[in-house]
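**Student:** Contents are PDB, C-alpha atoms; file name query.pdb:
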```
ATOM      1  CA  MET A   1      42.772 -61.502 182.476  1.00  0.00           C
ATOM      2  CA  ALA A   2      43.071 -65.038 183.825  1.00  0.00           C
ATOM      3  CA  ARG A   3      44.377 -67.692 181.414  1.00  0.00           C
ATOM      4  CA  ASP A   4      43.998 -71.426 181.036  1.00  0.00           C
ATOM      5  CA  ALA A   5      46.395 -73.127 183.450  1.00  0.00           C
ATOM      6  CA  GLU A   6      46.532 -76.274 181.278  1.00  0.00           C
ATOM      7  CA  LYS A   7      49.077 -74.687 178.922  1.00  0.00           C
ATOM      8  CA  VAL A   8      51.615 -73.714 181.589  1.00  0.00           C
ATOM      9  CA  LYS A   9      54.972 -75.447 181.436  1.00  0.00           C
ATOM     10  CA  LYS A  10      55.800 -77.138 184.733  1.00  0.00           C
ATOM     11  CA  THR A  11      58.124 -75.011 186.868  1.00  0.00           C
ATOM     12  CA  ASN A  12      60.735 -76.109 189.398  1.00  0.00           C
ATOM     13  CA  ALA A  13      58.446 -74.758 192.132  1.00  0.00           C
ATOM     14  CA  MET A  14      55.710 -77.153 190.972  1.00  0.00           C
ATOM     15  CA  ARG A  15      58.193 -80.036 190.821  1.00  0.00           C
ATOM     16  CA  GLU A  16      59.341 -79.335 194.371  1.00  0.00           C
ATOM     17  CA  LEU A  17      55.770 -79.521 195.676  1.00  0.00           C
ATOM     18  CA  GLU A  18      55.189 -82.750 193.729  1.00  0.00           C
ATOM     19  CA  ASN A  19      58.448 -84.251 195.049  1.00  0.00           C
ATOM     20  CA  HIS A  20      57.070 -83.703 198.566  1.00  0.00           C
ATOM     21  CA  GLY A  21      53.652 -85.140 197.712  1.00  0.00           C
ATOM     22  CA  VAL A  22      51.905 -81.779 198.109  1.00  0.00           C
ATOM     23  CA  SER A  23      48.807 -81.106 196.040  1.00  0.00           C
ATOM     24  CA  TYR A  24      48.360 -77.663 194.509  1.00  0.00           C
ATOM     25  CA  GLN A  25      46.412 -75.804 191.858  1.00  0.00           C
ATOM     26  CA  VAL A  26      47.810 -73.507 189.191  1.00  0.00           C
ATOM     27  CA  LYS A  27      46.250 -70.174 188.294  1.00  0.00           C
ATOM     28  CA  THR A  28      47.682 -68.037 185.518  1.00  0.00           C
ATOM     29  CA  TYR A  29      47.136 -64.489 184.336  1.00  0.00           C
ATOM     30  CA  GLU A  30      48.312 -62.113 181.644  1.00  0.00           C
ATOM     31  CA  VAL A  31      51.346 -60.209 182.954  1.00  0.00           C
ATOM     32  CA  ASP A  32      51.259 -56.410 182.828  1.00  0.00           C
ATOM     33  CA  GLU A  33      54.915 -55.313 182.679  1.00  0.00           C
ATOM     34  CA  ASP A  34      53.845 -51.886 183.976  1.00  0.00           C
ATOM     35  CA  ASP A  35      52.234 -53.384 187.076  1.00  0.00           C
ATOM     36  CA  LEU A  36      54.083 -56.363 188.538  1.00  0.00           C
ATOM     37  CA  SER A  37      52.468 -55.902 191.955  1.00  0.00           C
ATOM     38  CA  GLY A  38      50.901 -58.797 193.739  1.00  0.00           C
ATOM     39  CA  VAL A  39      47.776 -56.715 194.315  1.00  0.00           C
ATOM     40  CA  HIS A  40      47.337 -56.536 190.538  1.00  0.00           C
ATOM     41  CA  ALA A  41      47.795 -60.315 190.301  1.00  0.00           C
ATOM     42  CA  ALA A  42      45.199 -60.877 193.035  1.00  0.00           C
ATOM     43  CA  GLU A  43      42.706 -58.586 191.284  1.00  0.00           C
ATOM     44  CA  VAL A  44      43.184 -60.227 187.882  1.00  0.00           C
ATOM     45  CA  LEU A  45      42.787 -63.699 189.391  1.00  0.00           C
ATOM     46  CA  GLY A  46      39.774 -62.660 191.476  1.00  0.00           C
ATOM     47  CA  GLU A  47      41.531 -63.664 194.687  1.00  0.00           C
ATOM     48  CA  ASP A  48      41.408 -61.958 198.081  1.00  0.00           C
ATOM     49  CA  ALA A  49      44.671 -59.968 198.410  1.00  0.00           C
ATOM     50  CA  SER A  50      45.056 -61.144 202.024  1.00  0.00           C
ATOM     51  CA  GLN A  51      45.269 -64.724 200.699  1.00  0.00           C
ATOM     52  CA  VAL A  52      47.854 -64.012 197.957  1.00  0.00           C
ATOM     53  CA  PHE A  53      51.399 -63.932 199.330  1.00  0.00           C
ATOM     54  CA  LYS A  54      54.444 -62.190 197.896  1.00  0.00           C
ATOM     55  CA  THR A  55      57.972 -63.463 198.393  1.00  0.00           C
ATOM     56  CA  LEU A  56      60.505 -60.911 199.638  1.00  0.00           C
ATOM     57  CA  VAL A  57      64.230 -61.525 199.946  1.00  0.00           C
ATOM     58  CA  THR A  58      66.351 -59.692 202.501  1.00  0.00           C
ATOM     59  CA  GLN A  59      69.955 -59.648 203.593  1.00  0.00           C
ATOM     60  CA  SER A  60      71.740 -58.908 206.820  1.00  0.00           C
ATOM     61  CA  PRO A  61      74.754 -56.565 206.946  1.00  0.00           C
ATOM     62  CA  ASP A  62      77.006 -59.649 206.705  1.00  0.00           C
ATOM     63  CA  LYS A  63      75.183 -60.860 203.539  1.00  0.00           C
ATOM     64  CA  GLN A  64      73.072 -63.620 205.090  1.00  0.00           C
ATOM     65  CA  TYR A  65      69.816 -63.968 203.187  1.00  0.00           C
ATOM     66  CA  ALA A  66      66.326 -64.626 204.526  1.00  0.00           C
ATOM     67  CA  VAL A  67      63.016 -65.018 202.686  1.00  0.00           C
ATOM     68  CA  PHE A  68      59.709 -63.602 203.903  1.00  0.00           C
ATOM     69  CA  MET A  69      56.183 -64.196 202.647  1.00  0.00           C
ATOM     70  CA  ILE A  70      53.466 -61.683 203.399  1.00  0.00           C
ATOM     71  CA  PRO A  71      50.067 -60.802 201.909  1.00  0.00           C
ATOM     72  CA  VAL A  72      50.458 -58.737 198.737  1.00  0.00           C
ATOM     73  CA  ASP A  73      48.493 -55.818 200.182  1.00  0.00           C
ATOM     74  CA  GLU A  74      50.693 -55.549 203.278  1.00  0.00           C
ATOM     75  CA  GLU A  75      54.136 -54.187 204.108  1.00  0.00           C
ATOM     76  CA  LEU A  76      56.976 -56.133 205.713  1.00  0.00           C
ATOM     77  CA  SER A  77      58.196 -54.876 209.083  1.00  0.00           C
ATOM     78  CA  LEU A  78      61.968 -55.134 208.719  1.00  0.00           C
ATOM     79  CA  LYS A  79      62.243 -54.873 212.495  1.00  0.00           C
ATOM     80  CA  LYS A  80      59.981 -57.907 213.047  1.00  0.00           C
ATOM     81  CA  ALA A  81      61.680 -59.724 210.169  1.00  0.00           C
ATOM     82  CA  ALA A  82      65.126 -59.150 211.676  1.00  0.00           C
ATOM     83  CA  ALA A  83      63.928 -60.388 215.061  1.00  0.00           C
ATOM     84  CA  ALA A  84      62.436 -63.534 213.495  1.00  0.00           C
ATOM     85  CA  ALA A  85      65.654 -64.240 211.579  1.00  0.00           C
ATOM     86  CA  LYS A  86      67.788 -63.389 214.627  1.00  0.00           C
ATOM     87  CA  HIS A  87      69.689 -60.550 212.954  1.00  0.00           C
ATOM     88  CA  LYS A  88      70.304 -57.031 214.245  1.00  0.00           C
ATOM     89  CA  SER A  89      68.955 -55.602 211.006  1.00  0.00           C
ATOM     90  CA  LEU A  90      67.823 -56.590 207.530  1.00  0.00           C
ATOM     91  CA  SER A  91      67.362 -54.762 204.256  1.00  0.00           C
ATOM     92  CA  MET A  92      65.646 -55.734 201.034  1.00  0.00           C
ATOM     93  CA  ILE A  93      68.058 -57.003 198.403  1.00  0.00           C
ATOM     94  CA  GLN A  94      68.310 -54.961 195.233  1.00  0.00           C
ATOM     95  CA  VAL A  95      66.180 -56.136 192.310  1.00  0.00           C
ATOM     96  CA  LYS A  96      69.324 -56.590 190.186  1.00  0.00           C
ATOM     97  CA  GLU A  97      70.611 -59.135 192.763  1.00  0.00           C
ATOM     98  CA  LEU A  98      67.414 -61.194 192.872  1.00  0.00           C
ATOM     99  CA  LYS A  99      68.191 -63.540 189.970  1.00  0.00           C
ATOM    100  CA  SER A 100      71.763 -64.283 191.049  1.00  0.00           C
ATOM    101  CA  VAL A 101      70.682 -64.976 194.648  1.00  0.00           C
ATOM    102  CA  THR A 102      67.414 -66.870 194.075  1.00  0.00           C
ATOM    103  CA  GLY A 103      67.295 -67.850 190.406  1.00  0.00           C
ATOM    104  CA  TYR A 104      64.088 -65.838 189.998  1.00  0.00           C
ATOM    105  CA  ILE A 105      63.172 -62.436 188.562  1.00  0.00           C
ATOM    106  CA  ARG A 106      60.983 -59.709 190.084  1.00  0.00           C
ATOM    107  CA  GLY A 107      57.335 -60.651 189.810  1.00  0.00           C
ATOM    108  CA  GLY A 108      58.134 -64.360 189.617  1.00  0.00           C
ATOM    109  CA  CYS A 109      60.027 -65.073 192.835  1.00  0.00           C
ATOM    110  CA  SER A 110      58.815 -68.209 194.592  1.00  0.00           C
ATOM    111  CA  PRO A 111      59.900 -69.490 198.019  1.00  0.00           C
ATOM    112  CA  LEU A 112      60.103 -72.917 196.356  1.00  0.00           C
ATOM    113  CA  ALA A 113      63.103 -74.243 194.423  1.00  0.00           C
ATOM    114  CA  MET A 114      65.427 -71.290 194.928  1.00  0.00           C
ATOM    115  CA  LYS A 115      69.057 -71.698 193.825  1.00  0.00           C
ATOM    116  CA  LYS A 116      70.056 -72.150 197.468  1.00  0.00           C
ATOM    117  CA  SER A 117      68.134 -72.938 200.602  1.00  0.00           C
ATOM    118  CA  PHE A 118      67.476 -69.883 202.763  1.00  0.00           C
ATOM    119  CA  PRO A 119      65.525 -69.485 205.998  1.00  0.00           C
ATOM    120  CA  VAL A 120      61.868 -68.814 205.125  1.00  0.00           C
ATOM    121  CA  TYR A 121      59.302 -67.034 207.298  1.00  0.00           C
ATOM    122  CA  ILE A 122      55.602 -66.836 206.451  1.00  0.00           C
ATOM    123  CA  ASP A 123      53.346 -64.255 208.037  1.00  0.00           C
ATOM    124  CA  GLU A 124      51.127 -65.928 210.605  1.00  0.00           C
ATOM    125  CA  THR A 125      47.950 -64.705 208.842  1.00  0.00           C
ATOM    126  CA  ALA A 126      48.508 -67.489 206.283  1.00  0.00           C
ATOM    127  CA  GLN A 127      47.318 -69.933 208.939  1.00  0.00           C
ATOM    128  CA  LEU A 128      43.855 -68.355 208.802  1.00  0.00           C
ATOM    129  CA  PHE A 129      43.267 -69.904 205.366  1.00  0.00           C
ATOM    130  CA  ASP A 130      42.940 -73.425 203.998  1.00  0.00           C
ATOM    131  CA  THR A 131      44.920 -72.302 200.938  1.00  0.00           C
ATOM    132  CA  ILE A 132      47.073 -69.363 199.942  1.00  0.00           C
ATOM    133  CA  ALA A 133      48.538 -68.322 196.610  1.00  0.00           C
ATOM    134  CA  CYS A 134      52.246 -67.820 196.000  1.00  0.00           C
ATOM    135  CA  SER A 135      54.371 -67.408 192.913  1.00  0.00           C
ATOM    136  CA  GLY A 136      54.851 -70.502 190.813  1.00  0.00           C
ATOM    137  CA  GLY A 137      58.347 -69.412 189.841  1.00  0.00           C
ATOM    138  CA  GLN A 138      57.534 -67.308 186.802  1.00  0.00           C
ATOM    139  CA  ARG A 139      55.545 -64.187 186.119  1.00  0.00           C
ATOM    140  CA  GLY A 140      51.863 -64.849 185.582  1.00  0.00           C
ATOM    141  CA  VAL A 141      51.809 -68.180 187.448  1.00  0.00           C
ATOM    142  CA  GLN A 142      50.382 -68.574 190.938  1.00  0.00           C
ATOM    143  CA  LEU A 143      50.253 -71.786 192.964  1.00  0.00           C
ATOM    144  CA  ILE A 144      47.322 -72.373 195.291  1.00  0.00           C
ATOM    145  CA  VAL A 145      48.578 -74.470 198.190  1.00  0.00           C
ATOM    146  CA  ASN A 146      47.851 -75.259 201.821  1.00  0.00           C
ATOM    147  CA  PRO A 147      50.065 -72.939 203.946  1.00  0.00           C
ATOM    148  CA  GLU A 148      51.050 -75.724 206.356  1.00  0.00           C
ATOM    149  CA  ASP A 149      52.166 -77.908 203.444  1.00  0.00           C
ATOM    150  CA  LEU A 150      54.126 -75.008 201.929  1.00  0.00           C
ATOM    151  CA  ALA A 151      55.814 -74.308 205.273  1.00  0.00           C
ATOM    152  CA  ARG A 152      56.780 -77.961 205.621  1.00  0.00           C
ATOM    153  CA  VAL A 153      58.325 -78.096 202.142  1.00  0.00           C
ATOM    154  CA  VAL A 154      60.384 -74.895 202.519  1.00  0.00           C
ATOM    155  CA  GLY A 155      61.105 -75.347 206.230  1.00  0.00           C
ATOM    156  CA  ALA A 156      59.321 -72.128 207.136  1.00  0.00           C
ATOM    157  CA  GLU A 157      58.177 -70.706 210.436  1.00  0.00           C
ATOM    158  CA  PHE A 158      54.929 -68.761 210.862  1.00  0.00           C
ATOM    159  CA  VAL A 159      55.593 -65.411 212.553  1.00  0.00           C
ATOM    160  CA  ASP A 160      54.126 -61.916 212.802  1.00  0.00           C
ATOM    161  CA  LEU A 161      55.822 -59.945 210.010  1.00  0.00           C
ATOM    162  CA  LEU A 162      53.455 -57.092 209.187  1.00  0.00           C
ATOM    163  CA  ALA A 163      54.268 -53.415 209.633  1.00  0.00           C
TER     164      ALA A 163
END
```
With the file now loaded, output its structure as structure tokens.

**Tutor:**
Amino acid sequence: MARDAEKVKKTNAMRELENHGVSYQVKTYEVDEDDLSGVHAAEVLGEDASQVFKTLVTQSPDKQYAVFMIPVDEELSLKKAAAAAKHKSLSMIQVKELKSVTGYIRGGCSPLAMKKSFPVYIDETAQLFDTIACSGGQRGVQLIVNPEDLARVVGAEFVDLLA
């Protein structure tokens, strides 16, 4: 069930967008701890799943991290991701590593305001929309933002990432 966005405490992800002069909207929803999937979030918010993007964090064999954003109803091609990031191979980081690497927890990982700056790649389908949704940096908070503005703020490239 969607909630009133007025009562949401400002997150670092929101501050980063504001610091870059980027306008955004906030949508919130009641978190279901048994279903942290982005598809569930899209359904609860009444958004098209192809327009709601999840943030995935990978690492190369030599522990270099890269961040990928894809629609919540799609699967990341690790082969395409590795090619985009110019690595021989990539693997998803373990959930237990997510907070120490990014500062975020599963279900609330945003490409914005991570602990460190990592290369970010957004699936090219984002460019089909005027706005996309991404995590606002905590579970139950989505930011609606122009994909070009988001890419500019996080220094992302648009590439084909889907399996």

**Student:** Skip stretch 75-84 of chain A itself and residues of its chain fewer than 5 positions away, then list as a list of chain:residue names all residues within 9 Å of it, counting all atoms listed in the file.

**Tutor:** A:Leu56, A:Thr58, A:Ser60, A:Ala66, A:Phe68, A:Met69, A:Ile70, A:Ser89, A:Leu90, A:Ser91, A:Met92, A:Tyr121, A:Glu157, A:Val159, A:Asp160, A:Leu161, A:Leu162, A:Ala163

**Student:** Could you pull the residues within 9 Å of A:Ser110, counting all atoms listed in the file, minus those fewer than 6 positions along the same chain, as an MDAnalysis selection string?

**Tutor:** chainID A and resid 13 54:55 102 104 134:138

**Student:** Rank nothing, just name the residue among A:Phe53, A:Tyr24, A:Tyr29, A:Phe158 nearest to A:Glu124, using all atoms listed in the file.

**Tutor:**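 With all atoms listed in the file as the atom set, the closest residue is A:Phe158.
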
**Student:** Starting from the shown file, work through the PyMOL selection byres ((chain A and resi 44) around 9) and note down what comes out as a list of chain:residue names.

**Tutor:**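 This file, filtered by the PyMOL selection byres ((chain A and resi 44) around 9), leaves A:Met1, A:Ala2, A:Tyr29, A:Glu30, A:Val39, A:His40, A:Ala41, A:Ala42, A:Glu43, A:Leu45, A:Gly46, A:Glu47.
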
**Student:** Go ahead and dump the residues you just picked, C-alpha atoms, as a tab-separated table (two decimals), keeping the file's coordinate frame.

**Tutor:**
```
chain	number	residue	atom	x	y	z
A	1	MET	CA	42.77	-61.50	182.48
A	2	ALA	CA	43.07	-65.04	183.82
A	29	TYR	CA	47.14	-64.49	184.34
A	30	GLU	CA	48.31	-62.11	181.64
A	39	VAL	CA	47.78	-56.72	194.32
A	40	HIS	CA	47.34	-56.54	190.54
A	41	ALA	CA	47.80	-60.32	190.30
A	42	ALA	CA	45.20	-60.88	193.04
A	43	GLU	CA	42.71	-58.59	191.28
A	45	LEU	CA	42.79	-63.70	189.39
A	46	GLY	CA	39.77	-62.66	191.48
A	47	GLU	CA	41.53	-63.66	194.69
```

**Student:** Excluding stretch 148-154 of chain A and residues on its chain fewer than 3 positions from it, collect all residues at most 9 Å away from it, counting only C-alpha atoms, and give them as a ChimeraX atom specification.

**Tutor:** /A:16-17,20,22-23,111-113,117-122,126-127,130-131,145,157-158

**Student:** Could you tell me how far atom CA of A:Lys115 lies from atom CA of A:Lys88, in Å and to one decimal?

**Tutor:** 25.2 Å

**Student:** Suppose a student applies the PyMOL selection byres ((chain A and resi 106) around 9) to this structure; what residues should they get, written as a PyMOL selection string?

**Tutor:** chain A and resi 36+95-96+98-99+104-105+107-109+138-139

**Student:** Which is closest to A:Val101 among A:Thr125, A:Gln59, A:Ser50, A:Asn146, if we use all atoms listed in the file?

**Tutor:**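 Smallest distance to A:Val101 is found for A:Gln59.
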
**Student:** Give as a VMD selection string every residue, naming chains and numbers as the document does, that has an atom within 7 Å of (47.9, -72.2, 190.4), counting all atoms listed in the file.

**Tutor:** chain A and resid 24 to 28 141 to 144

**Student:** State, in Å with one decimal place, the distance from atom CA of A:His87 to atom CA of A:Lys63.

**Tutor:**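 It comes out at 10.9 Å.
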
**Student:** May I ask for the distance between atom CA of A:Val72 and atom CA of A:Gly38, given in Å to one decimal place?

**Tutor:**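 It comes out at 5.0 Å.
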
**Student:** Give, as AutoDock Vina command-line options, the centre coordinates and the x, y and z edge lengths in Å to one decimal for an axis-aligned box around all listed atoms of stretch 148-151 of chain A, padded by 8 Å on each side.

**Tutor:**
```
--center_x 53.4 --center_y -76.1 --center_z 204.1 --size_x 20.8 --size_y 19.6 --size_z 20.4
```
